[in-house]
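Participant: For reference, this is run15.csv, and it has CSV, C-alpha atoms and all ligand atoms.
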chain,number,residue,atom,x,y,z
A,1,MET,CA,125.8,129.7,103.7
A,2,PRO,CA,124.3,126.6,102.0
A,3,GLN,CA,121.0,127.1,100.1
A,4,ILE,CA,117.9,124.9,100.0
A,5,ARG,CA,118.9,123.8,96.4
A,6,GLN,CA,122.1,122.4,97.8
A,7,LEU,CA,120.2,120.4,100.5
A,8,ALA,CA,117.8,119.2,97.8
A,9,ALA,CA,120.8,118.1,95.5
A,10,HIS,CA,122.4,116.2,98.4
A,11,ILE,CA,119.2,114.3,99.2
A,12,GLU,CA,118.6,113.6,95.5
A,13,ALA,CA,122.1,112.2,95.2
A,14,LEU,CA,120.8,109.4,97.5
A,15,ALA,CA,117.2,109.4,96.3
A,16,PRO,CA,117.0,110.8,92.7
A,17,LEU,CA,113.6,112.3,91.9
A,18,ALA,CA,113.4,110.0,88.9
A,19,TYR,CA,112.9,107.1,91.2
A,20,GLN,CA,109.6,108.4,92.7
A,21,GLU,CA,106.4,106.5,91.8
A,22,SER,CA,104.1,108.0,89.2
A,23,TYR,CA,101.5,109.0,91.8
A,24,ASP,CA,103.9,110.7,94.1
A,25,ASN,CA,104.8,114.4,94.6
A,26,VAL,CA,108.4,114.7,96.0
A,27,GLY,CA,111.0,117.5,96.0
A,28,LEU,CA,110.6,121.1,97.2
A,29,LEU,CA,106.9,121.6,97.8
A,30,VAL,CA,107.0,125.0,99.4
A,31,GLY,CA,109.7,127.7,99.3
A,32,ASP,CA,112.4,129.3,97.2
A,33,PRO,CA,115.4,127.0,96.4
A,34,THR,CA,117.9,129.9,96.6
A,35,THR,CA,117.0,130.7,100.3
A,36,ASP,CA,120.0,130.4,102.7
A,37,ILE,CA,119.4,127.6,105.3
A,38,LYS,CA,119.3,128.7,108.9
A,39,GLY,CA,118.3,125.2,110.3
A,40,ALA,CA,116.6,122.1,109.0
A,41,LEU,CA,114.0,120.2,110.9
A,42,VAL,CA,113.6,116.5,109.9
A,43,THR,CA,110.2,114.8,110.3
A,44,LEU,CA,108.1,112.0,109.0
A,45,ASP,CA,105.0,114.1,108.4
A,46,VAL,CA,104.4,117.9,108.2
A,47,THR,CA,101.6,119.2,110.4
A,48,GLU,CA,100.9,122.6,111.9
A,49,ALA,CA,102.6,121.4,115.1
A,50,VAL,CA,105.7,120.6,113.1
A,51,VAL,CA,105.7,124.0,111.5
A,52,ASP,CA,105.4,125.5,115.1
A,53,GLU,CA,108.3,123.4,116.2
A,54,ALA,CA,110.4,124.7,113.2
A,55,ILE,CA,109.6,128.3,114.2
A,56,ALA,CA,110.5,127.6,117.8
A,57,LYS,CA,113.8,126.0,116.9
A,58,GLY,CA,114.8,128.6,114.3
A,59,CYS,CA,114.6,126.2,111.3
A,60,ASN,CA,113.5,127.6,107.9
A,61,VAL,CA,113.4,124.2,106.2
A,62,ILE,CA,111.4,121.2,107.0
A,63,VAL,CA,112.5,117.9,105.5
A,64,ALA,CA,109.8,115.3,105.5
A,65,HIS,CA,109.2,111.8,104.2
A,66,HIS,CA,105.5,112.2,103.5
A,67,PRO,CA,104.6,115.0,101.1
A,68,VAL,CA,102.0,117.2,102.8
A,69,VAL,CA,100.8,118.4,99.4
A,70,PHE,CA,100.1,115.0,97.8
A,71,LYS,CA,96.8,115.0,95.9
A,72,GLY,CA,97.0,118.5,94.7
A,73,LEU,CA,95.9,121.8,96.3
A,74,LYS,CA,93.0,123.7,94.6
A,75,LYS,CA,92.2,126.1,97.3
A,76,LEU,CA,94.2,127.7,100.2
A,77,ASN,CA,91.6,128.9,102.6
A,78,GLY,CA,92.6,126.9,105.7
A,79,LYS,CA,89.7,124.4,105.7
A,80,THR,CA,92.0,121.3,106.0
A,81,TYR,CA,95.1,120.6,108.0
A,82,VAL,CA,97.1,120.5,104.7
A,83,GLU,CA,96.0,124.0,103.7
A,84,ARG,CA,96.6,125.4,107.2
A,85,THR,CA,100.0,123.8,107.4
A,86,VAL,CA,101.1,125.2,104.0
A,87,ILE,CA,99.7,128.7,104.9
A,88,LYS,CA,101.5,128.7,108.2
A,89,ALA,CA,104.8,127.6,106.5
A,90,ILE,CA,104.5,130.3,103.8
A,91,ARG,CA,103.6,133.0,106.3
A,92,ASN,CA,106.7,132.1,108.4
A,93,ASP,CA,109.1,131.7,105.4
A,94,ILE,CA,109.6,128.0,106.1
A,95,ALA,CA,110.3,125.8,103.1
A,96,ILE,CA,109.0,122.2,102.9
A,97,TYR,CA,110.9,119.5,101.1
A,98,ALA,CA,109.7,115.8,100.8
A,99,ALA,CA,111.7,112.6,99.9
A,100,HIS,CA,109.0,109.9,99.7
A,101,THR,CA,108.9,107.0,97.3
A,102,ASN,CA,112.2,108.1,95.8
A,103,LEU,CA,113.7,107.4,99.2
A,104,ASP,CA,111.7,104.1,99.5
A,105,ASN,CA,113.1,102.9,96.2
A,106,VAL,CA,116.8,103.1,96.8
A,107,ALA,CA,119.4,100.9,98.5
A,108,GLY,CA,120.3,102.9,101.7
A,109,GLY,CA,116.8,104.3,101.8
A,110,VAL,CA,113.7,103.7,104.0
A,111,ASN,CA,113.6,99.9,103.8
A,112,PHE,CA,117.4,99.5,104.3
A,113,LYS,CA,116.9,101.6,107.5
A,114,ILE,CA,114.3,99.1,108.7
A,115,ALA,CA,116.7,96.2,107.8
A,116,GLU,CA,119.4,98.0,109.8
A,117,LYS,CA,117.1,98.3,112.8
A,118,LEU,CA,116.4,94.6,112.6
A,119,LYS,CA,120.2,93.9,112.2
A,120,LEU,CA,119.6,92.0,108.9
A,121,THR,CA,122.6,90.9,106.8
A,122,ASN,CA,122.9,90.3,103.0
A,123,VAL,CA,120.3,93.0,102.5
A,124,GLN,CA,119.1,93.5,98.9
A,125,ILE,CA,116.3,95.3,97.1
A,126,LEU,CA,113.2,93.0,97.2
A,127,ALA,CA,111.6,94.0,93.9
A,128,PRO,CA,114.3,95.7,91.7
A,129,LYS,CA,113.0,98.2,89.2
A,130,THR,CA,113.4,97.7,85.4
A,131,GLN,CA,113.6,100.3,82.6
A,132,VAL,CA,115.8,102.7,84.6
A,133,LEU,CA,119.0,101.7,83.0
A,134,SER,CA,120.5,102.3,79.5
A,135,LYS,CA,123.5,101.2,77.5
A,136,LEU,CA,125.8,103.9,76.2
A,137,VAL,CA,128.1,102.8,73.3
A,138,THR,CA,130.7,105.2,72.0
A,139,PHE,CA,133.8,105.2,69.8
A,140,VAL,CA,137.1,106.8,70.8
A,141,PRO,CA,140.7,107.0,69.3
A,142,ILE,CA,142.7,104.2,71.1
A,143,ASN,CA,144.9,106.6,73.1
A,144,ASP,CA,141.9,108.6,74.4
A,145,THR,CA,140.1,105.5,75.8
A,146,GLN,CA,141.0,105.9,79.5
A,147,ARG,CA,140.3,109.6,79.6
A,148,VAL,CA,136.8,109.2,78.2
A,149,LEU,CA,136.1,106.2,80.4
A,150,ASP,CA,137.2,108.1,83.5
A,151,ALA,CA,134.9,111.0,82.6
A,152,LEU,CA,132.0,108.6,82.1
A,153,TYR,CA,132.6,106.9,85.4
A,154,ALA,CA,132.8,110.2,87.2
A,155,ALA,CA,129.4,111.2,85.7
A,156,GLY,CA,127.8,108.0,87.0
A,157,ALA,CA,128.4,105.3,84.3
A,158,GLY,CA,129.6,101.7,84.9
A,159,GLN,CA,128.0,100.8,88.2
A,160,ILE,CA,126.8,97.2,88.4
A,161,GLY,CA,125.7,96.1,91.9
A,162,ASP,CA,128.7,96.4,94.2
A,163,TYR,CA,131.1,96.8,91.2
A,164,LYS,CA,132.1,100.3,89.9
A,165,ASN,CA,134.0,101.3,86.8
A,166,CYS,CA,132.5,98.4,84.7
A,167,SER,CA,133.0,98.7,81.0
A,168,PHE,CA,133.7,96.6,77.9
A,169,ARG,CA,135.7,97.5,74.8
A,170,VAL,CA,136.7,96.1,71.5
A,171,SER,CA,139.2,97.5,69.0
A,172,GLY,CA,138.3,98.2,65.4
A,173,THR,CA,138.5,100.8,62.7
A,174,GLY,CA,136.4,104.0,62.6
A,175,THR,CA,135.8,105.7,59.3
A,176,PHE,CA,134.7,109.3,58.5
A,177,GLN,CA,135.0,112.0,55.9
A,178,PRO,CA,134.8,115.5,57.4
A,179,GLY,CA,132.4,117.9,55.6
A,180,GLU,CA,133.2,121.6,54.7
A,181,ASN,CA,132.0,123.0,58.0
A,182,ALA,CA,133.5,120.3,60.2
A,183,GLN,CA,136.4,121.0,62.6
A,184,PRO,CA,138.3,117.7,62.5
A,185,VAL,CA,140.9,117.0,65.2
A,186,ILE,CA,142.0,114.0,63.2
A,187,GLY,CA,141.7,113.8,59.4
A,188,GLU,CA,141.3,116.4,56.7
A,189,ILE,CA,138.2,118.2,55.4
A,190,GLY,CA,136.9,116.3,52.3
A,191,GLU,CA,139.2,113.3,52.8
A,192,TYR,CA,138.1,109.8,53.7
A,193,HIS,CA,139.9,108.8,56.9
A,194,GLU,CA,140.3,105.5,58.8
A,195,GLU,CA,141.2,105.7,62.5
A,196,PRO,CA,142.0,102.9,65.0
A,197,GLU,CA,139.3,103.2,67.7
A,198,ASN,CA,137.9,101.4,70.7
A,199,ARG,CA,134.2,100.8,70.9
A,200,ILE,CA,133.3,101.4,74.6
A,201,GLU,CA,130.2,100.1,76.3
A,202,VAL,CA,128.9,101.1,79.7
A,203,ILE,CA,125.7,100.8,81.6
A,204,ILE,CA,124.2,104.1,82.8
A,205,PRO,CA,121.2,105.2,84.9
A,206,THR,CA,118.8,106.5,82.3
A,207,HIS,CA,117.9,109.6,84.3
A,208,GLN,CA,121.6,110.7,84.2
A,209,GLN,CA,121.9,110.5,80.4
A,210,GLY,CA,122.0,114.3,80.0
A,211,GLN,CA,125.0,114.8,82.3
A,212,LEU,CA,126.7,111.7,80.9
A,213,LEU,CA,126.4,112.9,77.3
A,214,THR,CA,127.8,116.3,78.4
A,215,ALA,CA,130.7,114.5,80.1
A,216,LEU,CA,131.3,112.4,77.0
A,217,ARG,CA,131.4,115.4,74.7
A,218,GLN,CA,133.8,117.3,77.0
A,219,ALA,CA,136.2,114.3,77.3
A,220,HIS,CA,136.0,113.3,73.7
A,221,ARG,CA,138.3,115.2,71.2
A,222,TYR,CA,136.1,114.8,68.2
A,223,ASP,CA,133.8,117.7,67.3
A,224,GLU,CA,131.1,115.2,66.4
A,225,VAL,CA,130.9,112.3,68.9
A,226,ALA,CA,129.3,109.1,67.7
A,227,TYR,CA,127.3,107.2,70.3
A,228,TYR,CA,124.3,104.9,70.7
A,229,LEU,CA,121.9,105.0,73.7
A,230,THR,CA,119.8,102.0,74.2
A,231,PRO,CA,117.2,101.5,76.9
A,232,LEU,CA,117.6,98.2,78.8
A,233,ASP,CA,115.1,95.9,80.5
A,234,ASN,CA,117.8,94.9,83.1
A,235,GLN,CA,116.8,95.1,86.8
A,236,HIS,CA,118.6,97.8,88.7
A,237,GLN,CA,119.9,96.0,91.8
A,238,GLU,CA,120.1,99.2,93.8
A,239,VAL,CA,116.7,100.6,92.9
A,240,GLY,CA,113.3,99.2,93.6
A,241,SER,CA,110.7,98.4,96.3
A,242,GLY,CA,111.2,96.7,99.7
A,243,ALA,CA,114.2,95.0,101.0
A,244,VAL,CA,115.1,91.4,102.1
A,245,GLY,CA,117.8,90.1,104.3
A,246,ASP,CA,118.7,87.5,107.0
A,247,LEU,CA,118.5,87.6,110.7
A,248,PRO,CA,121.8,87.2,112.6
A,249,GLU,CA,120.3,84.1,114.2
A,250,PRO,CA,117.2,82.1,113.3
A,251,LEU,CA,114.3,82.6,115.7
A,252,THR,CA,111.2,80.6,116.4
A,253,GLY,CA,107.7,81.6,117.4
A,254,THR,CA,107.2,84.4,119.9
A,255,ALA,CA,111.0,84.9,120.2
A,256,TRP,CA,110.7,86.4,116.7
A,257,LEU,CA,107.8,88.6,117.7
A,258,SER,CA,109.6,89.8,120.8
A,259,TYR,CA,112.7,90.6,118.7
A,260,LEU,CA,110.6,92.6,116.2
A,261,LYS,CA,108.8,94.4,119.0
A,262,GLU,CA,112.0,95.3,120.7
A,263,HIS,CA,114.1,96.4,117.7
A,264,MET,CA,111.3,98.5,116.2
A,265,SER,CA,110.0,99.8,119.6
A,266,LEU,CA,106.5,98.6,118.9
A,267,ASN,CA,103.3,98.7,121.0
A,268,LEU,CA,101.5,96.2,118.8
A,269,ILE,CA,102.0,93.7,116.0
A,270,ARG,CA,99.1,92.4,113.9
A,271,TYR,CA,100.3,89.1,112.3
A,272,THR,CA,99.3,86.0,110.6
A,273,ALA,CA,100.3,82.5,111.7
A,274,LEU,CA,104.1,82.1,112.0
A,275,PRO,CA,105.6,79.3,109.9
A,276,ASP,CA,106.6,76.0,111.6
A,277,ARG,CA,110.2,76.4,110.5
A,278,PRO,CA,112.8,78.7,112.2
A,279,ILE,CA,112.4,82.3,111.0
A,280,SER,CA,115.6,83.6,109.3
A,281,ARG,CA,114.8,85.4,106.1
A,282,ILE,CA,112.9,88.7,106.5
A,283,ALA,CA,111.3,90.9,103.8
A,284,VAL,CA,110.5,94.4,104.8
A,285,CYS,CA,108.5,97.4,103.3
A,286,GLY,CA,107.9,100.6,105.2
A,287,GLY,CA,104.3,101.8,104.9
A,288,VAL,CA,101.8,100.2,102.5
A,289,GLY,CA,103.4,96.9,101.5
A,290,SER,CA,100.8,94.4,100.4
A,291,PHE,CA,101.7,94.8,96.7
A,292,LEU,CA,105.1,93.2,97.5
A,293,LEU,CA,103.8,90.0,99.1
A,294,PRO,CA,104.4,87.8,95.9
A,295,ASP,CA,108.0,89.2,95.8
A,296,ALA,CA,108.5,88.4,99.5
A,297,ILE,CA,107.3,84.8,98.9
A,298,ARG,CA,109.5,84.5,95.8
A,299,ALA,CA,112.5,85.8,97.7
A,300,GLY,CA,112.1,82.9,100.2
A,301,ALA,CA,111.2,85.2,103.1
A,302,ASP,CA,109.7,83.5,106.2
A,303,VAL,CA,108.2,86.8,107.4
A,304,PHE,CA,107.0,90.0,105.7
A,305,VAL,CA,107.3,93.1,107.9
A,306,THR,CA,105.2,95.9,106.6
A,307,ALA,CA,102.1,98.1,107.4
A,308,ASP,CA,98.6,99.1,106.4
A,309,TYR,CA,97.3,95.5,105.8
A,310,LYS,CA,93.6,95.2,105.3
A,311,TYR,CA,91.6,92.2,106.8
A,312,HIS,CA,91.1,90.3,103.5
A,313,GLU,CA,94.7,90.9,102.4
A,314,PHE,CA,96.0,89.0,105.4
A,315,PHE,CA,94.5,85.8,103.9
A,316,ASP,CA,96.9,86.0,101.0
A,317,ALA,CA,99.7,84.8,103.4
A,318,GLU,CA,98.3,81.2,102.8
A,319,GLU,CA,100.6,79.8,105.4
A,320,ARG,CA,103.6,80.3,103.0
A,321,ILE,CA,104.8,83.4,104.9
A,322,SER,CA,103.8,85.3,108.0
A,323,ILE,CA,102.6,88.9,107.5
A,324,CYS,CA,103.6,91.1,110.4
A,325,ASP,CA,101.9,94.5,110.2
A,326,ILE,CA,103.7,96.8,112.6
A,327,GLY,CA,101.9,100.1,111.7
A,328,HIS,CA,102.7,102.8,109.1
A,329,TYR,CA,104.3,105.3,111.5
A,330,GLU,CA,106.2,102.7,113.4
A,331,SER,CA,107.6,101.1,110.2
A,332,GLU,CA,108.9,104.5,108.9
A,333,VAL,CA,109.7,106.6,111.9
A,334,TYR,CA,113.5,105.8,111.7
A,335,THR,CA,113.5,107.4,108.3
A,336,LYS,CA,113.9,110.6,110.3
A,337,ASP,CA,117.3,109.3,111.6
A,338,LEU,CA,118.2,108.2,108.1
A,339,ILE,CA,117.6,111.7,106.6
A,340,CYS,CA,119.3,113.5,109.6
A,341,GLY,CA,122.4,111.3,109.3
A,342,HIS,CA,122.6,111.9,105.5
A,343,LEU,CA,122.3,115.7,105.9
A,344,ALA,CA,124.7,115.9,108.9
A,345,LYS,CA,127.4,114.1,106.8
A,346,LYS,CA,127.4,116.9,104.3
A,347,PHE,CA,126.3,120.1,106.1
A,348,THR,CA,128.0,121.5,109.2
A,349,THR,CA,127.2,125.2,109.0
A,350,PHE,CA,123.5,124.8,110.0
A,351,ALA,CA,121.7,122.6,112.6
A,352,VAL,CA,120.0,119.5,111.4
A,353,ILE,CA,117.4,118.7,114.1
A,354,LEU,CA,115.3,115.6,114.6
A,355,SER,CA,111.7,116.7,115.1
A,356,GLU,CA,110.3,115.8,118.5
A,357,THR,CA,106.7,116.1,117.4
A,358,ASP,CA,104.9,112.7,117.4
A,359,THR,CA,103.0,113.0,114.2
A,360,ASN,CA,101.4,109.5,114.4
A,361,PRO,CA,97.6,110.1,114.1
A,362,VAL,CA,96.9,106.6,115.4
A,363,ARG,CA,96.5,105.9,119.1
A,364,TYR,CA,96.5,102.5,120.8
A,365,PHE,CA,94.3,101.6,123.8
A,366,ILE,CA,95.8,98.4,125.1
B,401,ZN,ZN,104.7,106.2,104.5
Write out the structure in this file as structure tokens.

Facilitator:
Amino acid sequence: MPQIRQLAAHIEALAPLAYQESYDNVGLLVGDPTTDIKGALVTLDVTEAVVDEAIAKGCNVIVAHHPVVFKGLKKLNGKTYVERTVIKAIRNDIAIYAAHTNLDNVAGGVNFKIAEKLKLTNVQILAPKTQVLSKLVTFVPINDTQRVLDALYAAGAGQIGDYKNCSFRVSGTGTFQPGENAQPVIGEIGEYHEEPENRIEVIIPTHQQGQLLTALRQAHRYDEVAYYLTPLDNQHQEVGSGAVGDLPEPLTGTAWLSYLKEHMSLNLIRYTALPDRPISRIAVCGGVGSFLLPDAIRAGADVFVTADYKYHEFFDAEERISICDIGHYESEVYTKDLICGHLAKKFTTFAVILSETDTNPVRYFI
């Protein structure tokens, strides 16, 4: 029977915890990671009604996008919905797991789901993150090169955009003199040795450096493995905020608004003046997105689809781009399908259930 820690590991393979924003609080918020899973309920938000739904449906894990414990929890006396929700979950042995900004910040995450709903093509991260990649350089005897490279690739090295198994090597001469306590595989204790070696270079995700160094040491025959790790300022093309892509066909004026309304099942769109040109390039950001407006403009987007815009922020569009605010819940509700699909691909021995509770606290009177 799979345990909660295996569910967490599967989600974090898509959305590593290291990619959450500094203010966030993702991962297992309530519960014991070694609990066997009876059923998982997938929701955008965790409320008391969602915990009730989990109880009714025999689920002992709730997987949410928004962390119900976000700002910290100093008391647990049931005065707020957050406290009551957590108390109810604990009393009923229900775990709560959240994948929030770490799921926003990856290709295949929240924003790629919006892009999929809008049928965008050529979808890329809108604002790629920097300082999440490192360079690993190591030195291996010539004949060991492929074995070490294969081990590094398997542990997550060598991915650049859509290319995997990327590396560079040059041949040269390694020198060393084993000390008294060394256990040299090549060379003799106390004797200076020259060995034909390859210098191998690969790019690695910085947060995986521990597992990569373990893989390197296991694959390398030397008892002392020489390597350099260097942090890079490169952008990670698969990690960052927002997404941008192209509509299947350019649209003009209200045809675009109807398209957006229909494909995202909206009641309402708050928007700034549409550009005079045909609309084809679309930037998206689920939830609060105003911080990405400069990136959307720089990416050549005609429209920026996002949520939670404030009145004065709408002025920043300056007729260079149209801001379309579709509502926070509406922009992210398909994240439930995304998480469900991801879990269902891996786990077949327990039910993964899409929550039917409408957690949107905002009502519209039209
Ligand atoms: Zn959100």

Participant: Neighbours of ligand ZN 401 (chain B) within 7 Å, counting only C-alpha atoms and all ligand atoms, as a list of chain:residue names?

Facilitator: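 Written in the requested form, the residues are A:His66, A:Gly286, A:Gly287, A:Val288, A:His328, A:Glu332.
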
Participant: Applying 12 Å and all atoms listed in the file, which residues near A:Ile114 remain after dropping the ones on its own chain fewer than 6 positions away? List them as a PyMOL selection string.

Facilitator: chain A and resi 104+107-108+120-121+123+242-245+260+263-265+282-287+305-306+326+330-338

Participant: Find the residues around stretch 150-159 of chain A up to 12 Å (only C-alpha atoms counted), leave out those fewer than 6 positions away in its own chain, and share them as JSON, numbers by chain.

Facilitator: {"A": [13, 133, 134, 135, 136, 137, 138, 144, 165, 166, 167, 168, 200, 201, 202, 203, 204, 205, 206, 207, 208, 209, 210, 211, 212, 213, 214, 215, 216, 217, 218, 219, 220, 236, 237, 238]}

Participant: Ranking A:Lys57, A:Lys113, A:Lys88, A:Lys71 by minimum distance to A:Gly341 and counting all atoms listed in the file, which one comes first?

Facilitator: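 Ranked by minimum distance to A:Gly341, first place goes to A:Lys113.
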
Participant: Find the residue from A:Thr254, A:Phe291, A:Asp162, A:Ile90 that sits nearest to A:Leu76; use all atoms listed in the file when measuring.

Facilitator: A:Ile90

Participant: For stretch 30-40 of chain A, find every residue with an atom within 7 Å (counting all atoms listed in the file), except residues of its own chain fewer than 3 positions away, and show them as a PyMOL selection string.

Facilitator: chain A and resi 1-5+58-63+94-97+350-353

Participant: Hey, which of A:Ile366, A:Ala9, A:Leu29, A:Ala127 ends up closest to A:Asn267? Count all atoms listed in the file.

Facilitator: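 Of A:Ile366, A:Ala9, A:Leu29, A:Ala127, the one nearest A:Asn267 is A:Ile366, counting all atoms listed in the file.
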
Participant: Would you list the contacts of A:Val68 as a VMD selection string, taking every protein, DNA or RNA residue within 8 Å and counting all atoms listed in the file, but skipping same-chain residues closer than 5 positions in sequence?

Facilitator: chain A and resid 45 to 47 82

Participant: Could you tell me which of A:Tyr364, A:Tyr228, A:Phe347, A:Tyr19 comes closest to A:His100 if we count only C-alpha atoms?

Facilitator: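 Looking only at the distances to A:His100, the closest residue turns out to be A:Tyr19.
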
Participant: Go through A:Glu224, A:Asp316, A:Asp233, A:Asp302 and flag the residue nearest A:Pro250, using all atoms listed in the file for the distances.

Facilitator: A:Asp302
